[in-house]
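Okay, so here's the structure we're looking at.
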2 protein chains.
Amino acid sequence: MEKIRPHTLSGFMELLPAPQLQMEAVMQVLRETYALYGFTPLDTPAIEAADVLLAKGGGETEKQIYRFQKGDGDLALRFDLTVPLAKYVALHYNELTFPFRRYQIGKVYRGERAQRGRFREFYQADIDVIGDGRLSVANEAEIPSVIYRTFSRLGLKRFQIRVNNRKILNGFYAMLGLGEKSGDIMRAVDKLDKIGPEKLKAILLDDCGLTEAQADEILSFITIRGTNAEVLSALEGYRGRNETLDLGLDELRAVTQYLSAFGVPEENFAVDLTIARGLDYYTGTVYETTLLDHPEIGSVCSGGRYDNLAEYYTDRQLPGVGISIGLTRLFYVLNEQNMLAAGHDSPADVLIVPMTDDLGPAVRLATGLREAGVRAQLYTENRKFKQKIQYADKLHIPFVAFLGEDEIAAGTVSVKRLATAEQQTLRPEDAAKLILAAAQDAKKQTILK
Amino acid sequence: MEKIRPHTLSGFMELLPAPQLQMEAVMQVLRETYALYGFTPLDTPAIEAADVLLAKGGGETEKQIYRFQKGDGDLALRFDLTVPLAKYVALHYNELTFPFRRYQIGKVYRGERAQRGRFREFYQADIDVIGDGRLSVANEAEIPSVIYRTFSRLGLKRFQIRVNNRKILNGFYAMLGLGEKSGDIMRAVDKLDKIGPEKLKAILLDDCGLTEAQADEILSFITIRGTNAEVLSALEGYRGRNETLDLGLDELRAVTQYLSAFGVPEENFAVDLTIARGLDYYTGTVYETTLLDHPEIGSVCSGGRYDNLAEYYTDRQLPGVGISIGLTRLFYVLNEQNMLAAGHDSPADVLIVPMTDDLGPAVRLATGLREAGVRAQLYTENRKFKQKIQYADKLHIPFVAFLGEDEIAAGTVSVKRLATAEQQTLRPEDAAKLILAAAQDAKKQTILK
């Protein structure tokens with residue numbers, strides 16, 4: 001028979017079993033952490049009507065989208081989880097209770113040019129809080145706590161949540177009479193880390209057409225550095241010159257005020273006036289999160305406050321705040337950087353190897369272990385003994401349990417820990433305890449080194 | 001601004017938050033139960049190259065598939081999880097360890113005619129064990145145990161796992177000289193439950209062209225009933241007349257032999273000679289699972305043994321055994337039949353309501369509760385007290401924690417259980433214990449009534 005060459009499309013992540021187990025562990029941490037804050041899981045279709053997905057229209061989105069006809073339907077695959085959320089909230093408005101806090105971990109699709117580390121199908125892991133007409137700034141203050149707890153639980157230590165407020169930026173540029181140019185300026189400022197202050201100044205003068213005085217004022221503003229208290233204190237020097245800036249400063253104070261009560265250490269948080277977020281749609285607090293040892297990756301968790309989630313679908317004012325983790329890319333980077341710890345990559349806690357023709361005792365042992373919560377795999381293939389041990393070893397299964405005539409007669413089982421080659425003969429209930437304790441210890445280890 | 005009407009495509013399930021929480025609980029039970037048997041999670045792309053997905057080609061599949069161009073790619077959405085598994089195993093053969101046991105819970109797409117209870121996007125939850133060249137029949141014996149444990153953990157009691165063996169059927173029909181007609185006959189026999197033996201006999205005579213003697217022999221064979229032991233004993237009466245039948249009988253004995261060791265009660269299992277499964281590709285044991293109080297739904301978990309998983313991609317012989325749950329449809333039916341229990345539908349264990357302007361104490365309480373594992377939501381909107389309680393009530397959040405001046409001064413918190421209106425003032429650590437204990441009790445409850 002003629003064979004079809006099996007292949008997976010480029011730009012589509014397909015993991016081998018061991019890293020997939022680690023990916024699942026990451027997702028489980030995200031689900032559990034988001035749930036601790038009262039976010040409810042949501043699952044929307046991957047396919048939507050094209051007019052719904054493209055309500056905002058235009059730009060890169062339209063070029064990258066997977067769009068197709070089926071019957072008389074003009075359909076498209078979602079390219080983010082925000083547009084489906086806006087649709088969901090507008091559609092189910094009367095059945096929802098506000099503030100509506102939802103998380104969604106789902107695949108999205110963008111037909112980008114394929115390149116290493118770029119994906120066409122990738123998971124986003126989003127949380128959002130949506131208010132009905134209004135939403136307290138306390139929700140913006142809580143977001144860094146969610147980010148901190150999520151990354152800490154994964155085992156990351158050297159990361160920083162950077163926060164700014166769009167009102168401060170908008171107010172500041174309006175104050176300089178540069179309101180209309182603020183978009184161009186912010187895009188230029190965004191490059192500060194890469195190009196340094198001198199080149200930035202040249203761009204501000206030459207490309208943006210600012211005066212020397214304006215450029216200097218912007219540079220001194222965006223290079224305000226120090227502890228959160230020092231930055232806030234320096235910002236107070238601008239108070240009273242622009243209402244929007246003052247409002248932004250109040251919001252930034254509210255966001256930083258409860259940080260320690262939310263359990264976020266000072267070293268994992270920084271007010272950073274260079275953060276703007278590209279999207280116009282943010283109107284208040286904005287967030288970026290960087291890995292301090294891998295600044296080249298850029299932000300691994302970003303988001304912010306917006307005033308109008310669903311303006312393309314409804315006249316209702318639905319303000320919100322949310323963040324998104326680009327999970328597939330993050331996992332890819334963590335794996336590439338060799339940051340995934342051992343453990344969390346075994347499909348079973350024990351491999352049961354029957355040594356007699358009658359499988360009954362081994363099956364009963366497996367059943368008992370499973371009832372105790374042990375992930376127990378029965379090995380029933382007719383292979384050499386050595387191959388059975390190698391099987392456990394290859395799959396990183398930590399224990400092998402042997403059941404021969406002697407053990408069956410004595411009502412015991414021989415349990416070998418492969419890492420140490422240590423072997424004990426135990427009653428089944430004691431074997432369960434031993435294996436379960438080791439499994440629980442392994443589970444407590446963080447997923448990242 | 002002109003608005004786009006927000007809508008979700010017909011045939012695409014989109015749940016409200018409370019049922020979505022129940023759906024997530026169902027998925028978590030599936031993940032945990034599959035893992036107890038050493039199945040490793042897998043996640044393959046939803047989009048594949050069309051030639052890969054359609055390697056087998058033909059039939060209903062091709063009509064229903066979502067297929068489209070992107071760039072120069074001829075792409076399609078997966079319509080099941082078996083073809084992607086075949087591709088995965090053929091593609092990654094050298095990196096896998098066999099037997100390869102995987103589970104996958106993922107969305108698949110079929111552009112069927114939309115009708116109530118039929119979905120175009122739906123979850124399948126599959127497990128498969130794939131051998132390299134050979135695979136012991138013990139794997140077939142283990143499958144009913146996975147099915148039993150999965151449905152039991154969901155809280156189902158009145159269900160039956162029906163098992164047959166294709167070799168018995170093929171051997172039996174060959175023995176009657178009806179090998180070539182066996183496909184037609186099995187399709188007719190499949191209707192026995194619906195049309196009764198008399199109409200079936202008429203079909204066998206008129207449509208299949210059998211003799212009276214052949215039809216009678218088939219009817220007496222497929223209506224063999226009784227305990228597993230009785231059915232097996234009746235089948236022994238056919239032994240020695242056809243080699244394939246004899247082999248199937250041995251396999252069926254092997255599958256039933258360890259049932260009680262696997263913890264499957266006799267009442268949840270039946271050898272049923274009418275089960276054939278439509279797909280030609282099954283070659284040994286076949287499974288169906290029916291809800292005894294809802295026979296109209298048909299099988300909710302089906303599968304079987306096959307000899308050649310990936311024959312369209314590779315010459316390697318890759319036998320396997322697997323089952324699939326049509327999860328979206330199953331959930332839809334359970335919900336429609338009002339079989340979902342209360343509980344499992346709350347996004348938080350406690351709603352914290354601050355009663356002072358300074359949110360510090362409430363934030364610290366939330367942080368402490370979360371560290372203890374309590375899903376704690378802070379309510380910080382400026383609404384009337386009554387509305388805050390209603391919020392908790394609408395979301396089925398079982399506890400509300402109040403923090404006023406008195407509580408803050410005393411270092412306590414007032415905790416109200418909404419179901420009983422019972423209120424206590426406690427130290428935060430005792431509040432955590434109370435709420436966590438209730439949450440753990442709720443979690444232990446099965447998802448189904």
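Numbering starts fresh at 1 for the residues of each chain in the structure tokens, the chains themselves are lettered A, B, ... in the order given, and ligands are numbered from 1 as they appear.
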
Give as an mmCIF file with N, CA and C atoms, in the first residue's frame every residue of chain A that touches chain B within 7 Å, counting only C-alpha atoms.
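Here's the written file iface_22.cif:
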```cif
data_model
loop_
_atom_site.group_PDB
_atom_site.id
_atom_site.type_symbol
_atom_site.label_atom_id
_atom_site.label_comp_id
_atom_site.auth_asym_id
_atom_site.auth_seq_id
_atom_site.Cartn_x
_atom_site.Cartn_y
_atom_site.Cartn_z
ATOM 1 N N LYS A 3 2.137 4.705 1.022
ATOM 2 C CA LYS A 3 2.042 5.354 2.334
ATOM 3 C C LYS A 3 2.017 6.879 2.186
ATOM 4 N N ILE A 4 1.296 7.512 3.068
ATOM 5 C CA ILE A 4 1.312 8.971 3.183
ATOM 6 C C ILE A 4 2.403 9.314 4.199
ATOM 7 N N ARG A 5 3.225 10.297 3.904
ATOM 8 C CA ARG A 5 4.287 10.678 4.836
ATOM 9 C C ARG A 5 3.669 11.349 6.067
ATOM 10 N N PRO A 6 3.821 10.746 7.244
ATOM 11 C CA PRO A 6 3.240 11.387 8.427
ATOM 12 C C PRO A 6 4.067 12.625 8.788
ATOM 13 N N HIS A 7 3.424 13.743 8.952
ATOM 14 C CA HIS A 7 4.141 14.945 9.378
ATOM 15 C C HIS A 7 3.204 15.870 10.126
ATOM 16 N N THR A 8 3.785 16.758 10.901
ATOM 17 C CA THR A 8 3.029 17.757 11.650
ATOM 18 C C THR A 8 3.362 19.103 11.034
ATOM 19 N N LEU A 9 2.367 19.955 10.872
ATOM 20 C CA LEU A 9 2.572 21.251 10.215
ATOM 21 C C LEU A 9 3.601 22.084 10.964
ATOM 22 N N PHE A 12 3.355 24.314 14.556
ATOM 23 C CA PHE A 12 2.397 23.658 15.447
ATOM 24 C C PHE A 12 3.173 22.803 16.441
ATOM 25 N N GLU A 14 4.044 20.026 18.905
ATOM 26 C CA GLU A 14 3.580 18.673 19.233
ATOM 27 C C GLU A 14 4.668 18.045 20.082
ATOM 28 N N PRO A 17 5.989 12.638 24.950
ATOM 29 C CA PRO A 17 5.285 12.406 26.209
ATOM 30 C C PRO A 17 5.899 13.098 27.443
ATOM 31 N N GLN A 20 5.351 16.777 27.407
ATOM 32 C CA GLN A 20 3.905 17.015 27.477
ATOM 33 C C GLN A 20 3.419 16.901 28.917
ATOM 34 N N LEU A 21 3.962 15.938 29.659
ATOM 35 C CA LEU A 21 3.590 15.816 31.073
ATOM 36 C C LEU A 21 3.977 17.087 31.835
ATOM 37 N N ALA A 35 -7.801 29.825 39.988
ATOM 38 C CA ALA A 35 -8.994 29.490 40.767
ATOM 39 C C ALA A 35 -8.908 30.040 42.191
ATOM 40 N N LEU A 36 -7.703 30.141 42.744
ATOM 41 C CA LEU A 36 -7.542 30.675 44.107
ATOM 42 C C LEU A 36 -8.058 32.107 44.218
ATOM 43 N N TYR A 37 -8.141 32.799 43.093
ATOM 44 C CA TYR A 37 -8.597 34.192 43.085
ATOM 45 C C TYR A 37 -10.054 34.313 42.642
ATOM 46 N N GLY A 38 -10.730 33.179 42.547
ATOM 47 C CA GLY A 38 -12.147 33.224 42.187
ATOM 48 C C GLY A 38 -12.405 33.390 40.698
ATOM 49 N N PHE A 39 -11.388 33.145 39.869
ATOM 50 C CA PHE A 39 -11.641 33.169 38.428
ATOM 51 C C PHE A 39 -12.300 31.859 38.025
ATOM 52 N N THR A 40 -13.305 31.947 37.177
ATOM 53 C CA THR A 40 -14.061 30.771 36.765
ATOM 54 C C THR A 40 -13.592 30.347 35.366
ATOM 55 N N PRO A 41 -13.454 29.045 35.129
ATOM 56 C CA PRO A 41 -12.952 28.622 33.818
ATOM 57 C C PRO A 41 -13.985 28.849 32.725
ATOM 58 N N LEU A 42 -13.516 29.213 31.558
ATOM 59 C CA LEU A 42 -14.416 29.412 30.430
ATOM 60 C C LEU A 42 -13.845 28.653 29.244
ATOM 61 N N ASP A 43 -14.722 28.228 28.361
ATOM 62 C CA ASP A 43 -14.300 27.489 27.175
ATOM 63 C C ASP A 43 -15.210 27.936 26.040
ATOM 64 N N THR A 44 -14.656 28.643 25.100
ATOM 65 C CA THR A 44 -15.443 29.100 23.955
ATOM 66 C C THR A 44 -14.965 28.362 22.708
ATOM 67 N N PRO A 45 -15.787 28.329 21.658
ATOM 68 C CA PRO A 45 -15.390 27.606 20.449
ATOM 69 C C PRO A 45 -14.106 28.163 19.836
ATOM 70 N N GLU A 48 -15.348 30.782 15.147
ATOM 71 C CA GLU A 48 -16.420 31.763 15.311
ATOM 72 C C GLU A 48 -16.799 32.276 13.920
ATOM 73 N N ALA A 49 -17.957 32.916 13.854
ATOM 74 C CA ALA A 49 -18.319 33.598 12.608
ATOM 75 C C ALA A 49 -17.271 34.671 12.327
ATOM 76 N N VAL A 52 -17.939 38.222 13.464
ATOM 77 C CA VAL A 52 -17.817 38.424 14.911
ATOM 78 C C VAL A 52 -16.351 38.602 15.291
ATOM 79 N N ALA A 55 -14.814 41.961 14.017
ATOM 80 C CA ALA A 55 -15.640 43.155 14.243
ATOM 81 C C ALA A 55 -14.779 44.408 14.308
ATOM 82 N N TYR A 66 -6.954 32.494 10.135
ATOM 83 C CA TYR A 66 -7.388 31.322 9.376
ATOM 84 C C TYR A 66 -8.881 31.489 9.125
ATOM 85 N N PHE A 68 -12.269 30.570 6.496
ATOM 86 C CA PHE A 68 -12.713 29.614 5.473
ATOM 87 C C PHE A 68 -14.223 29.527 5.433
ATOM 88 N N LYS A 70 -17.684 27.148 5.101
ATOM 89 C CA LYS A 70 -18.219 25.784 5.271
ATOM 90 C C LYS A 70 -19.724 25.917 5.092
ATOM 91 N N LYS A 87 -17.327 38.810 22.934
ATOM 92 C CA LYS A 87 -18.551 38.237 22.362
ATOM 93 C C LYS A 87 -19.375 37.526 23.425
ATOM 94 N N ALA A 90 -21.010 40.010 25.859
ATOM 95 C CA ALA A 90 -22.109 40.741 25.213
ATOM 96 C C ALA A 90 -23.301 39.812 24.977
ATOM 97 N N LEU A 91 -23.011 38.586 24.544
ATOM 98 C CA LEU A 91 -24.071 37.626 24.215
ATOM 99 C C LEU A 91 -24.808 37.128 25.459
ATOM 100 N N LEU A 135 -15.767 49.437 37.510
ATOM 101 C CA LEU A 135 -14.951 48.371 38.100
ATOM 102 C C LEU A 135 -13.907 49.018 38.996
ATOM 103 N N SER A 136 -13.854 48.580 40.241
ATOM 104 C CA SER A 136 -12.965 49.216 41.208
ATOM 105 C C SER A 136 -11.497 48.971 40.863
ATOM 106 N N ALA A 138 -9.235 48.323 42.761
ATOM 107 C CA ALA A 138 -8.669 47.242 43.581
ATOM 108 C C ALA A 138 -8.396 46.000 42.738
ATOM 109 N N TYR A 258 -1.262 48.060 48.152
ATOM 110 C CA TYR A 258 -1.567 46.792 48.820
ATOM 111 C C TYR A 258 -0.629 45.650 48.429
ATOM 112 N N ALA A 261 0.435 43.494 51.261
ATOM 113 C CA ALA A 261 -0.723 42.756 51.785
ATOM 114 C C ALA A 261 -1.107 41.620 50.834
ATOM 115 N N PHE A 262 -0.871 41.816 49.543
ATOM 116 C CA PHE A 262 -1.156 40.781 48.550
ATOM 117 C C PHE A 262 -0.028 39.756 48.475
ATOM 118 N N GLY A 263 1.010 39.953 49.276
ATOM 119 C CA GLY A 263 2.085 38.971 49.321
ATOM 120 C C GLY A 263 3.095 39.094 48.196
ATOM 121 N N TYR A 312 -17.753 46.694 20.134
ATOM 122 C CA TYR A 312 -18.172 46.364 18.777
ATOM 123 C C TYR A 312 -19.490 45.586 18.749
ATOM 124 N N TYR A 313 -19.874 45.097 19.948
ATOM 125 C CA TYR A 313 -21.087 44.265 20.003
ATOM 126 C C TYR A 313 -22.230 44.904 20.787
ATOM 127 N N THR A 314 -21.917 45.829 21.672
ATOM 128 C CA THR A 314 -22.953 46.332 22.575
ATOM 129 C C THR A 314 -22.652 47.766 22.996
ATOM 130 N N PRO A 347 4.715 9.055 33.519
ATOM 131 C CA PRO A 347 3.294 8.760 33.362
ATOM 132 C C PRO A 347 2.732 7.858 34.465
ATOM 133 N N ALA A 348 3.592 7.308 35.306
ATOM 134 C CA ALA A 348 3.104 6.395 36.344
ATOM 135 C C ALA A 348 4.035 6.463 37.549
ATOM 136 N N GLY A 360 -3.721 -12.759 38.062
ATOM 137 C CA GLY A 360 -4.656 -12.351 39.114
ATOM 138 C C GLY A 360 -4.033 -11.549 40.240
ATOM 139 N N VAL A 363 -2.950 -8.108 39.083
ATOM 140 C CA VAL A 363 -4.111 -7.259 38.809
ATOM 141 C C VAL A 363 -4.708 -6.759 40.121
ATOM 142 N N ARG A 364 -4.807 -7.661 41.109
ATOM 143 C CA ARG A 364 -5.357 -7.237 42.405
ATOM 144 C C ARG A 364 -4.460 -6.178 43.049
ATOM 145 N N THR A 367 -5.106 -2.910 41.280
ATOM 146 C CA THR A 367 -6.397 -2.352 41.683
ATOM 147 C C THR A 367 -6.300 -1.696 43.059
ATOM 148 N N ARG A 370 -4.270 1.557 42.845
ATOM 149 C CA ARG A 370 -5.058 2.630 42.220
ATOM 150 C C ARG A 370 -6.102 3.165 43.184
ATOM 151 N N VAL A 374 -2.453 5.617 43.780
ATOM 152 C CA VAL A 374 -1.166 5.431 43.104
ATOM 153 C C VAL A 374 -1.412 5.231 41.605
ATOM 154 N N ARG A 375 -0.646 5.927 40.771
ATOM 155 C CA ARG A 375 -0.715 5.707 39.327
ATOM 156 C C ARG A 375 0.094 4.446 39.016
ATOM 157 N N ALA A 376 -0.614 3.355 38.792
ATOM 158 C CA ALA A 376 0.045 2.050 38.676
ATOM 159 C C ALA A 376 -0.157 1.485 37.283
ATOM 160 N N GLN A 377 0.922 1.188 36.616
ATOM 161 C CA GLN A 377 0.826 0.553 35.301
ATOM 162 C C GLN A 377 1.221 -0.908 35.402
ATOM 163 N N THR A 380 2.351 -6.262 31.021
ATOM 164 C CA THR A 380 1.918 -7.633 30.747
ATOM 165 C C THR A 380 2.477 -8.181 29.446
ATOM 166 N N GLU A 381 3.390 -7.444 28.813
ATOM 167 C CA GLU A 381 3.966 -7.952 27.561
ATOM 168 C C GLU A 381 4.965 -9.059 27.886
#
```

Query raised in the report: Quick one: residues within 9 Å of Ile161 in chain B, only C-alpha atoms counted, chain neighbours fewer than 4 positions away excluded, as a ChimeraX atom specification?
Result: /B:144,147-148,268-271,287-290,301

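Atom pair CA of Asp80 in chain A / CA of Leu81 in chain B has a distance of 24.0 Å (rounded to one decimal).
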
Requested in this report: Could you give me the residues within range 185-405 of chain A that DSSP places in helix (DSSP H, G or I), as number ranges by chain?
Outcome: A: 185-189, 192-206, 212-222, 228-236, 243-257, 266-268, 295-297, 327-336, 360-371, 385-394, 405

Query raised in the report: Tell me, which residues of range 95-343 of chain A carry DSSP strand (DSSP E), written as a PyMOL selection string?
Result: chain A and resi 100-109+121-130+159-165+269-271+282-291+301-306+320-326

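For Asp190 in chain A, the set of protein, DNA and RNA residues having any atom at most 8 Å away, when counting only C-alpha atoms and skipping those fewer than 5 positions along the same chain, is A:Thr274, A:Ile275, A:Ala276.
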
Requested in this report: Write out as a ChimeraX atom specification which residues come within 9 Å of Arg427 in chain B when counting only C-alpha atoms, dropping same-chain ones fewer than 2 positions away.
Outcome: /B:410-414,425,429-432

For N, CA, C and O atoms, I'd like the residues from the last selection saved as a PDB file, in the first residue's frame.
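Output file again31.pdb follows:
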```
ATOM      1  N   ALA B 410     -10.125  43.030  66.732  1.00  0.00           N
ATOM      2  CA  ALA B 410      -9.986  41.789  67.503  1.00  0.00           C
ATOM      3  C   ALA B 410      -9.127  40.748  66.775  1.00  0.00           C
ATOM      4  O   ALA B 410      -8.856  39.672  67.333  1.00  0.00           O
ATOM      5  N   GLY B 411      -8.723  41.048  65.554  1.00  0.00           N
ATOM      6  CA  GLY B 411      -7.954  40.058  64.784  1.00  0.00           C
ATOM      7  C   GLY B 411      -8.794  38.852  64.407  1.00  0.00           C
ATOM      8  O   GLY B 411      -8.296  37.725  64.340  1.00  0.00           O
ATOM      9  N   THR B 412     -10.066  39.076  64.133  1.00  0.00           N
ATOM     10  CA  THR B 412     -10.957  37.965  63.775  1.00  0.00           C
ATOM     11  C   THR B 412     -11.632  38.259  62.442  1.00  0.00           C
ATOM     12  O   THR B 412     -11.376  39.287  61.806  1.00  0.00           O
ATOM     13  N   VAL B 413     -12.512  37.359  62.053  1.00  0.00           N
ATOM     14  CA  VAL B 413     -13.308  37.540  60.845  1.00  0.00           C
ATOM     15  C   VAL B 413     -14.666  36.874  61.087  1.00  0.00           C
ATOM     16  O   VAL B 413     -14.737  35.854  61.778  1.00  0.00           O
ATOM     17  N   SER B 414     -15.729  37.495  60.568  1.00  0.00           N
ATOM     18  CA  SER B 414     -17.059  36.894  60.705  1.00  0.00           C
ATOM     19  C   SER B 414     -17.374  36.122  59.441  1.00  0.00           C
ATOM     20  O   SER B 414     -17.315  36.674  58.339  1.00  0.00           O
ATOM     21  N   THR B 425     -17.765  34.143  64.430  1.00  0.00           N
ATOM     22  CA  THR B 425     -16.604  35.027  64.398  1.00  0.00           C
ATOM     23  C   THR B 425     -15.391  34.222  64.859  1.00  0.00           C
ATOM     24  O   THR B 425     -15.399  33.614  65.928  1.00  0.00           O
ATOM     25  N   GLU B 429      -7.135  31.767  60.889  1.00  0.00           N
ATOM     26  CA  GLU B 429      -6.679  30.390  60.621  1.00  0.00           C
ATOM     27  C   GLU B 429      -7.799  29.380  60.855  1.00  0.00           C
ATOM     28  O   GLU B 429      -7.863  28.352  60.169  1.00  0.00           O
ATOM     29  N   ASP B 430      -8.701  29.690  61.793  1.00  0.00           N
ATOM     30  CA  ASP B 430      -9.837  28.792  62.005  1.00  0.00           C
ATOM     31  C   ASP B 430     -10.868  28.941  60.883  1.00  0.00           C
ATOM     32  O   ASP B 430     -11.515  27.963  60.492  1.00  0.00           O
ATOM     33  N   ALA B 431     -10.996  30.167  60.396  1.00  0.00           N
ATOM     34  CA  ALA B 431     -11.891  30.389  59.251  1.00  0.00           C
ATOM     35  C   ALA B 431     -11.386  29.590  58.047  1.00  0.00           C
ATOM     36  O   ALA B 431     -12.170  28.951  57.333  1.00  0.00           O
ATOM     37  N   ALA B 432     -10.069  29.624  57.839  1.00  0.00           N
ATOM     38  CA  ALA B 432      -9.481  28.867  56.721  1.00  0.00           C
ATOM     39  C   ALA B 432      -9.814  27.389  56.853  1.00  0.00           C
ATOM     40  O   ALA B 432     -10.218  26.733  55.879  1.00  0.00           O
TER      41      ALA B 432
END
```

Report task. Please identify all polymer residues within 9 Å of range 230-232 of chain B, counting only C-alpha atoms, omitting same-chain residues fewer than 3 positions from it, and present them as a PyMOL selection string. Result -> chain B and resi 224-227+235-236+249+252-253+271-272

Query raised in the report: Could you name the residues that touch Glu251 in chain A at 10 Å or less, counting only C-alpha atoms, but leaving out those on the same chain fewer than 6 positions away, as a PyMOL selection string?
Result: chain A and resi 137-138+140-141+164-165+167-168+245+257+284-285

Keeping C-alpha atoms, export the residues of the selection given above as a tab-separated table (two decimals), in the first residue's frame.
```tsv
chain	number	residue	atom	x	y	z
A	137	VAL	CA	-9.24	49.89	40.89
A	138	ALA	CA	-8.67	47.24	43.58
A	140	GLU	CA	-5.94	46.27	39.14
A	141	ALA	CA	-4.08	46.02	42.44
A	164	ASN	CA	2.76	51.64	34.61
A	165	ASN	CA	-0.41	53.60	34.04
A	167	LYS	CA	-3.19	57.90	32.23
A	168	ILE	CA	0.17	59.04	33.57
A	245	LEU	CA	-1.75	62.50	34.99
A	257	GLN	CA	-0.45	50.37	48.13
A	284	GLY	CA	-5.17	52.59	32.97
A	285	THR	CA	-2.75	50.22	34.66
```

Near Ser324 in chain B, counting only C-alpha atoms, which residues have an atom at most 6 Å away, once you skip same-chain residues fewer than 4 positions from it, shown as a PDB file with all heavy atoms, in the first residue's frame?
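After the write, selection-v4.pdb holds the following:
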```
ATOM      1  N   ALA B 125     -12.681  12.095  24.516  1.00  0.00           N
ATOM      2  CA  ALA B 125     -11.736  11.729  25.572  1.00  0.00           C
ATOM      3  C   ALA B 125     -11.336  10.289  25.320  1.00  0.00           C
ATOM      4  O   ALA B 125     -12.115   9.376  25.580  1.00  0.00           O
ATOM      5  CB  ALA B 125     -12.386  11.894  26.945  1.00  0.00           C
ATOM      6  N   ASP B 126     -10.144  10.112  24.780  1.00  0.00           N
ATOM      7  CA  ASP B 126      -9.708   8.804  24.292  1.00  0.00           C
ATOM      8  C   ASP B 126      -8.567   8.229  25.132  1.00  0.00           C
ATOM      9  O   ASP B 126      -7.701   8.984  25.587  1.00  0.00           O
ATOM     10  CB  ASP B 126      -9.165   8.924  22.865  1.00  0.00           C
ATOM     11  CG  ASP B 126     -10.257   9.077  21.815  1.00  0.00           C
ATOM     12  OD1 ASP B 126     -11.379   9.463  22.202  1.00  0.00           O
ATOM     13  OD2 ASP B 126      -9.969   8.826  20.630  1.00  0.00           O
ATOM     14  N   CYS B 301     -19.466   5.188  25.659  1.00  0.00           N
ATOM     15  CA  CYS B 301     -18.024   4.913  25.664  1.00  0.00           C
ATOM     16  C   CYS B 301     -17.800   3.634  24.880  1.00  0.00           C
ATOM     17  O   CYS B 301     -18.269   2.574  25.291  1.00  0.00           O
ATOM     18  CB  CYS B 301     -17.523   4.769  27.098  1.00  0.00           C
ATOM     19  SG  CYS B 301     -15.780   4.339  27.210  1.00  0.00           S
ATOM     20  N   SER B 302     -17.122   3.752  23.753  1.00  0.00           N
ATOM     21  CA  SER B 302     -16.982   2.613  22.850  1.00  0.00           C
ATOM     22  C   SER B 302     -15.545   2.488  22.367  1.00  0.00           C
ATOM     23  O   SER B 302     -14.792   3.453  22.418  1.00  0.00           O
ATOM     24  CB  SER B 302     -17.874   2.798  21.615  1.00  0.00           C
ATOM     25  OG  SER B 302     -19.170   3.207  21.997  1.00  0.00           O
TER      26      SER B 302
END
```
